[in-house]
file final27.pdb (PDB, C-alpha atoms)
ATOM      1  CA  MET A   1     -49.123  -2.065  51.270
ATOM      2  CA  SER A   2     -46.803  -4.029  49.009
ATOM      3  CA  ILE A   3     -46.483  -3.815  45.270
ATOM      4  CA  SER A   4     -47.087  -7.091  43.484
ATOM      5  CA  TRP A   5     -44.471  -8.685  41.299
ATOM      6  CA  LYS A   6     -46.661  -8.020  38.226
ATOM      7  CA  ARG A   7     -46.449  -4.279  38.802
ATOM      8  CA  TRP A   8     -42.673  -4.526  39.212
ATOM      9  CA  ALA A   9     -42.447  -6.506  35.979
ATOM     10  CA  TRP A  10     -44.573  -3.986  34.066
ATOM     11  CA  GLY A  11     -42.539  -1.097  35.510
ATOM     12  CA  ALA A  12     -39.264  -2.765  34.511
ATOM     13  CA  LEU A  13     -40.629  -3.524  31.053
ATOM     14  CA  ALA A  14     -41.744   0.104  30.598
ATOM     15  CA  ALA A  15     -38.321   1.364  31.715
ATOM     16  CA  LEU A  16     -36.574  -1.046  29.329
ATOM     17  CA  PHE A  17     -38.856  -0.003  26.462
ATOM     18  CA  THR A  18     -38.224   3.694  27.178
ATOM     19  CA  PHE A  19     -34.458   3.148  27.307
ATOM     20  CA  GLY A  20     -34.575   1.230  24.009
ATOM     21  CA  LEU A  21     -36.626   3.969  22.388
ATOM     22  CA  LEU A  22     -34.185   6.669  23.521
ATOM     23  CA  TRP A  23     -31.164   4.624  22.418
ATOM     24  CA  GLY A  24     -32.748   3.956  19.031
ATOM     25  CA  GLY A  25     -33.556   7.645  18.622
ATOM     26  CA  LEU A  26     -29.939   8.553  19.336
ATOM     27  CA  TRP A  27     -28.741   6.003  16.790
ATOM     28  CA  VAL A  28     -31.136   7.298  14.117
ATOM     29  CA  TYR A  29     -30.037  10.882  14.827
ATOM     30  CA  ARG A  30     -26.339  10.000  14.587
ATOM     31  CA  VAL A  31     -26.738   8.080  11.343
ATOM     32  CA  TRP A  32     -29.313  10.140   9.436
ATOM     33  CA  ALA A  33     -28.668  13.654  10.772
ATOM     34  CA  ILE A  34     -24.889  13.541  11.136
ATOM     35  CA  ALA A  35     -23.055  10.607   9.509
ATOM     36  CA  ARG A  36     -24.845  10.293   6.156
ATOM     37  CA  PRO A  37     -24.979  14.050   5.407
ATOM     38  CA  LEU A  38     -21.315  14.445   6.418
ATOM     39  CA  GLU A  39     -20.303  11.508   4.209
ATOM     40  CA  ALA A  40     -22.142  13.156   1.293
ATOM     41  CA  GLN A  41     -20.387  16.492   1.954
ATOM     42  CA  LEU A  42     -16.978  14.825   2.214
ATOM     43  CA  ALA A  43     -17.530  12.910  -1.039
ATOM     44  CA  GLN A  44     -17.905  16.295  -2.802
ATOM     45  CA  ILE A  45     -14.361  17.357  -1.823
ATOM     46  CA  PRO A  46     -11.948  16.811  -4.736
ATOM     47  CA  GLY A  47      -9.491  14.063  -3.823
ATOM     48  CA  VAL A  48     -11.667  12.357  -1.185
ATOM     49  CA  GLU A  49     -12.669   8.784  -1.943
ATOM     50  CA  ASN A  50     -15.055   6.521  -0.010
ATOM     51  CA  PRO A  51     -15.611   8.562   3.175
ATOM     52  CA  GLN A  52     -17.099   6.762   6.185
ATOM     53  CA  VAL A  53     -18.226   8.326   9.463
ATOM     54  CA  ARG A  54     -18.672   6.219  12.609
ATOM     55  CA  TRP A  55     -18.659   6.622  16.374
ATOM     56  CA  GLN A  56     -16.151   5.119  18.774
ATOM     57  CA  GLY A  57     -17.521   5.939  22.189
ATOM     58  CA  GLN A  58     -17.944   9.714  22.311
ATOM     59  CA  GLU A  59     -15.483  10.327  19.442
ATOM     60  CA  VAL A  60     -16.368  10.498  15.746
ATOM     61  CA  VAL A  61     -13.931   8.727  13.407
ATOM     62  CA  ILE A  62     -13.831   9.898   9.789
ATOM     63  CA  THR A  63     -12.159   7.327   7.550
ATOM     64  CA  LEU A  64     -11.388   8.106   3.919
ATOM     65  CA  SER A  65      -9.011   7.451   1.056
ATOM     66  CA  LEU A  66      -6.869  10.027  -0.708
ATOM     67  CA  ALA A  67      -7.245   9.943  -4.496
ATOM     68  CA  PRO A  68      -4.033   9.426  -6.468
ATOM     69  CA  GLY A  69      -2.334  12.755  -7.088
ATOM     70  CA  ALA A  70      -4.473  14.652  -4.559
ATOM     71  CA  SER A  71      -2.767  17.136  -2.263
ATOM     72  CA  LEU A  72      -3.029  16.222   1.417
ATOM     73  CA  GLY A  73      -2.969  19.722   2.952
ATOM     74  CA  PRO A  74      -5.946  21.397   1.250
ATOM     75  CA  LEU A  75      -7.936  18.163   1.406
ATOM     76  CA  LEU A  76      -7.337  17.767   5.145
ATOM     77  CA  ASP A  77      -8.295  21.412   5.749
ATOM     78  CA  ALA A  78     -11.551  20.937   3.818
ATOM     79  CA  VAL A  79     -12.391  17.689   5.653
ATOM     80  CA  GLU A  80     -11.774  19.268   9.062
ATOM     81  CA  GLU A  81     -13.835  22.346   8.133
ATOM     82  CA  LYS A  82     -16.827  20.220   7.067
ATOM     83  CA  ALA A  83     -16.529  17.994  10.144
ATOM     84  CA  GLN A  84     -16.330  20.924  12.572
ATOM     85  CA  ALA A  85     -19.441  22.448  11.024
ATOM     86  CA  ARG A  86     -21.500  19.235  11.255
ATOM     87  CA  VAL A  87     -20.109  17.287  14.240
ATOM     88  CA  LYS A  88     -20.283  18.773  17.714
ATOM     89  CA  ALA A  89     -18.266  15.913  19.256
ATOM     90  CA  PRO A  90     -14.492  15.383  19.163
ATOM     91  CA  PHE A  91     -13.416  13.802  15.885
ATOM     92  CA  ARG A  92     -10.339  12.426  14.195
ATOM     93  CA  VAL A  93      -9.470  11.775  10.579
ATOM     94  CA  VAL A  94      -8.024   8.424   9.520
ATOM     95  CA  PHE A  95      -6.736   7.786   6.001
ATOM     96  CA  ARG A  96      -6.843   4.410   4.295
ATOM     97  CA  ASP A  97      -3.563   3.906   2.509
ATOM     98  CA  ASN A  98      -1.881   1.114   0.577
ATOM     99  CA  PRO A  99       1.798   1.162   1.549
ATOM    100  CA  THR A 100       4.485  -1.054   0.134
ATOM    101  CA  PRO A 101       7.371  -2.451   2.191
ATOM    102  CA  ARG A 102       9.554   0.123   0.439
ATOM    103  CA  LEU A 103       7.297   2.985   1.614
ATOM    104  CA  GLU A 104       7.279   1.597   5.171
ATOM    105  CA  ALA A 105      11.090   1.409   5.156
ATOM    106  CA  PHE A 106      11.330   4.964   3.812
ATOM    107  CA  TYR A 107       8.975   6.212   6.536
ATOM    108  CA  HIS A 108      11.145   4.596   9.214
ATOM    109  CA  GLU A 109      14.198   6.201   7.597
ATOM    110  CA  LEU A 110      12.493   9.617   7.861
ATOM    111  CA  ASN A 111      11.365   9.052  11.441
ATOM    112  CA  PRO A 112      14.443  10.664  13.107
ATOM    113  CA  ILE A 113      13.958  13.825  11.018
ATOM    114  CA  LEU A 114      10.270  13.921  11.962
ATOM    115  CA  ARG A 115      10.936  13.342  15.668
ATOM    116  CA  GLU A 116      13.677  15.985  15.722
ATOM    117  CA  GLY A 117      11.349  18.532  14.114
ATOM    118  CA  LEU A 118       8.626  17.636  16.595
ATOM    119  CA  ALA A 119      10.981  17.989  19.568
ATOM    120  CA  THR A 120      12.579  21.270  18.476
ATOM    121  CA  GLY A 121       9.590  22.928  16.832
ATOM    122  CA  ALA A 122      11.612  23.534  13.652
ATOM    123  CA  PHE A 123       8.744  22.395  11.436
ATOM    124  CA  THR A 124       9.714  24.336   8.316
ATOM    125  CA  GLU A 125      13.219  22.868   8.326
ATOM    126  CA  MET A 126      11.829  19.395   9.048
ATOM    127  CA  ALA A 127       9.369  19.599   6.142
ATOM    128  CA  ALA A 128      12.104  20.842   3.796
ATOM    129  CA  ARG A 129      14.434  17.996   4.826
ATOM    130  CA  VAL A 130      11.725  15.352   4.383
ATOM    131  CA  GLU A 131      10.700  16.683   0.968
ATOM    132  CA  ALA A 132      14.354  16.943  -0.129
ATOM    133  CA  ARG A 133      14.927  13.360   0.996
ATOM    134  CA  GLY A 134      11.904  12.333  -1.070
ATOM    135  CA  ARG A 135      13.362  14.020  -4.159
ATOM    136  CA  GLU A 136      16.662  12.168  -3.642
ATOM    137  CA  THR A 137      14.977   8.777  -3.930
ATOM    138  CA  GLU A 138      14.022   7.311  -7.254
ATOM    139  CA  ASP A 139      10.329   7.638  -8.219
ATOM    140  CA  MET A 140       9.163   8.418  -4.664
ATOM    141  CA  ALA A 141       7.646  11.625  -3.335
ATOM    142  CA  ALA A 142       7.392  12.878   0.231
ATOM    143  CA  SER A 143       5.364  15.747   1.619
ATOM    144  CA  VAL A 144       4.634  17.028   5.104
ATOM    145  CA  TYR A 145       1.593  18.942   6.279
ATOM    146  CA  ILE A 146       1.430  20.468   9.748
ATOM    147  CA  THR A 147      -1.820  21.100  11.591
ATOM    148  CA  GLU A 148      -2.440  22.380  15.089
ATOM    149  CA  ASP A 149      -2.761  18.829  16.409
ATOM    150  CA  ALA A 150      -0.496  16.689  14.226
ATOM    151  CA  ILE A 151       2.242  16.366  11.652
ATOM    152  CA  TRP A 152       0.954  14.541   8.574
ATOM    153  CA  VAL A 153       3.358  12.678   6.300
ATOM    154  CA  LEU A 154       2.410  11.564   2.782
ATOM    155  CA  LEU A 155       4.779   9.254   0.916
ATOM    156  CA  ARG A 156       4.073   8.124  -2.643
ATOM    157  CA  ASP A 157       5.629   5.376  -4.724
ATOM    158  CA  GLY A 158       3.872   5.234  -8.081
ATOM    159  CA  ASP A 159       0.169   4.697  -7.368
ATOM    160  CA  ARG A 160       0.798   3.431  -3.817
ATOM    161  CA  GLN A 161       0.861   5.750  -0.821
ATOM    162  CA  LEU A 162       1.536   5.819   2.899
ATOM    163  CA  ILE A 163      -0.146   8.437   5.098
ATOM    164  CA  ARG A 164       0.813   8.799   8.756
ATOM    165  CA  SER A 165      -0.140  11.243  11.472
ATOM    166  CA  ILE A 166       2.199  12.066  14.349
ATOM    167  CA  PRO A 167       0.332  13.787  17.195
ATOM    168  CA  ARG A 168       1.739  17.047  18.535
ATOM    169  CA  GLU A 169       1.788  17.370  22.302
ATOM    170  CA  LYS A 170      -0.178  20.187  23.871
ATOM    171  CA  GLY A 171       2.211  22.872  25.069
ATOM    172  CA  GLY A 172       5.162  21.206  23.323
ATOM    173  CA  ALA A 173       7.724  22.730  20.989
ATOM    174  CA  GLY A 174       6.353  25.017  18.328
ATOM    175  CA  ARG A 175       3.109  25.743  20.203
TER     176      ARG A 175
END
call {"tool": "encode", "arguments": {"input": "final27.pdb", "output": "structure tokens"}}
result
Amino acid sequence: MSISWKRWAWGALAALFTFGLLWGGLWVYRVWAIARPLEAQLAQIPGVENPQVRWQGQEVVITLSLAPGASLGPLLDAVEEKAQARVKAPFRVVFRDNPTPRLEAFYHELNPILREGLATGAFTEMAARVEARGRETEDMAASVYITEDAIWVLLRDGDRQLIRSIPREKGGAGR
């Protein structure tokens, strides 16, 4: 007893339809149950501008801008708290910044201090040195915020800013 090609075609079509329905349901769930509500929650945090939530594979990427004058540390803590409560997948935070060539050059000048602090685990000394170096420059500000997973650097030059994250290695210095 052989199955005709019409039955195979209908079976394949039903499988394709079912797969499409499941994929569409997942997309709707991700957008309407996770991304949009999280974007609305993040927009309520003082200092957060234009938050966007999207998926890259199995990871959630949260992209946002830091309002002028906002403090990076408390804002990052609030963003991570909201994301952990809503998203059950791994996530990362990415900041949109608007650096100038002067800010980029200053960041590269600070890089040895940052790498030394990362290698030795002397984070308090590293942060103090970076912030002192920022005070030495004309009209620029530098701040460092340390999380469990990264060292965050915020450099400001007037209304322009540069925000960089340097990942901390698991089991490395200071852990």
call {"tool": "residues_around", "arguments": {"input": "final27.pdb", "residues": "Leu64 (chain A)", "least_positions_apart": "5", "cutoff": "8 Å", "atoms": "all atoms listed in the file", "output": "ChimeraX atom specification"}}
result
/A:48-52,93-96
call {"tool": "axis_aligned_box", "arguments": {"input": "final27.pdb", "around": "region 18-36 of chain A", "padding_each_side": "8 Å", "output": "AutoDock Vina command-line options"}}
result
--center_x -30.6 --center_y 7.4 --center_z 16.7 --size_x 31.2 --size_y 28.4 --size_z 37.2
call {"tool": "closest_residue", "arguments": {"input": "final27.pdb", "among": "A:Leu103, A:Ala9, A:Ile45, A:Ala85", "to": "Leu72 (chain A)", "atoms": "only C-alpha atoms"}}
result
A:Ile45
call {"tool": "residues_around", "arguments": {"input": "final27.pdb", "residues": "Tyr107 (chain A)", "least_positions_apart": "4", "cutoff": "10 Å", "atoms": "all atoms listed in the file", "output": "list in words"}}
result
Pro101, Arg102, Leu103, Asn111, Pro112, Leu114, Val130, Ala142, Val153, Leu154, Leu155, Leu162, Ile163 and Arg164 of chain A
call {"tool": "closest_residue", "arguments": {"input": "final27.pdb", "among": "A:Arg168, A:Glu80, A:Arg135, A:Gln58", "to": "Thr120 (chain A)", "atoms": "only C-alpha atoms"}}
result
A:Arg168
call {"tool": "resolve_selection", "arguments": {"input": "final27.pdb", "expression": "the PyMOL selection byres ((chain A and resi 67) around 9)", "output": "ChimeraX atom specification"}}
result
/A:46-49,65-66,68-71
call {"tool": "atom_distance", "arguments": {"input": "final27.pdb", "atom1": "CA of Ile151 (chain A)", "atom2": "CA of Ala128 (chain A)"}}
result
13.4 Å
call {"tool": "atom_distance", "arguments": {"input": "final27.pdb", "atom1": "CA of Ala35 (chain A)", "atom2": "CA of Val53 (chain A)"}}
result
5.3 Å
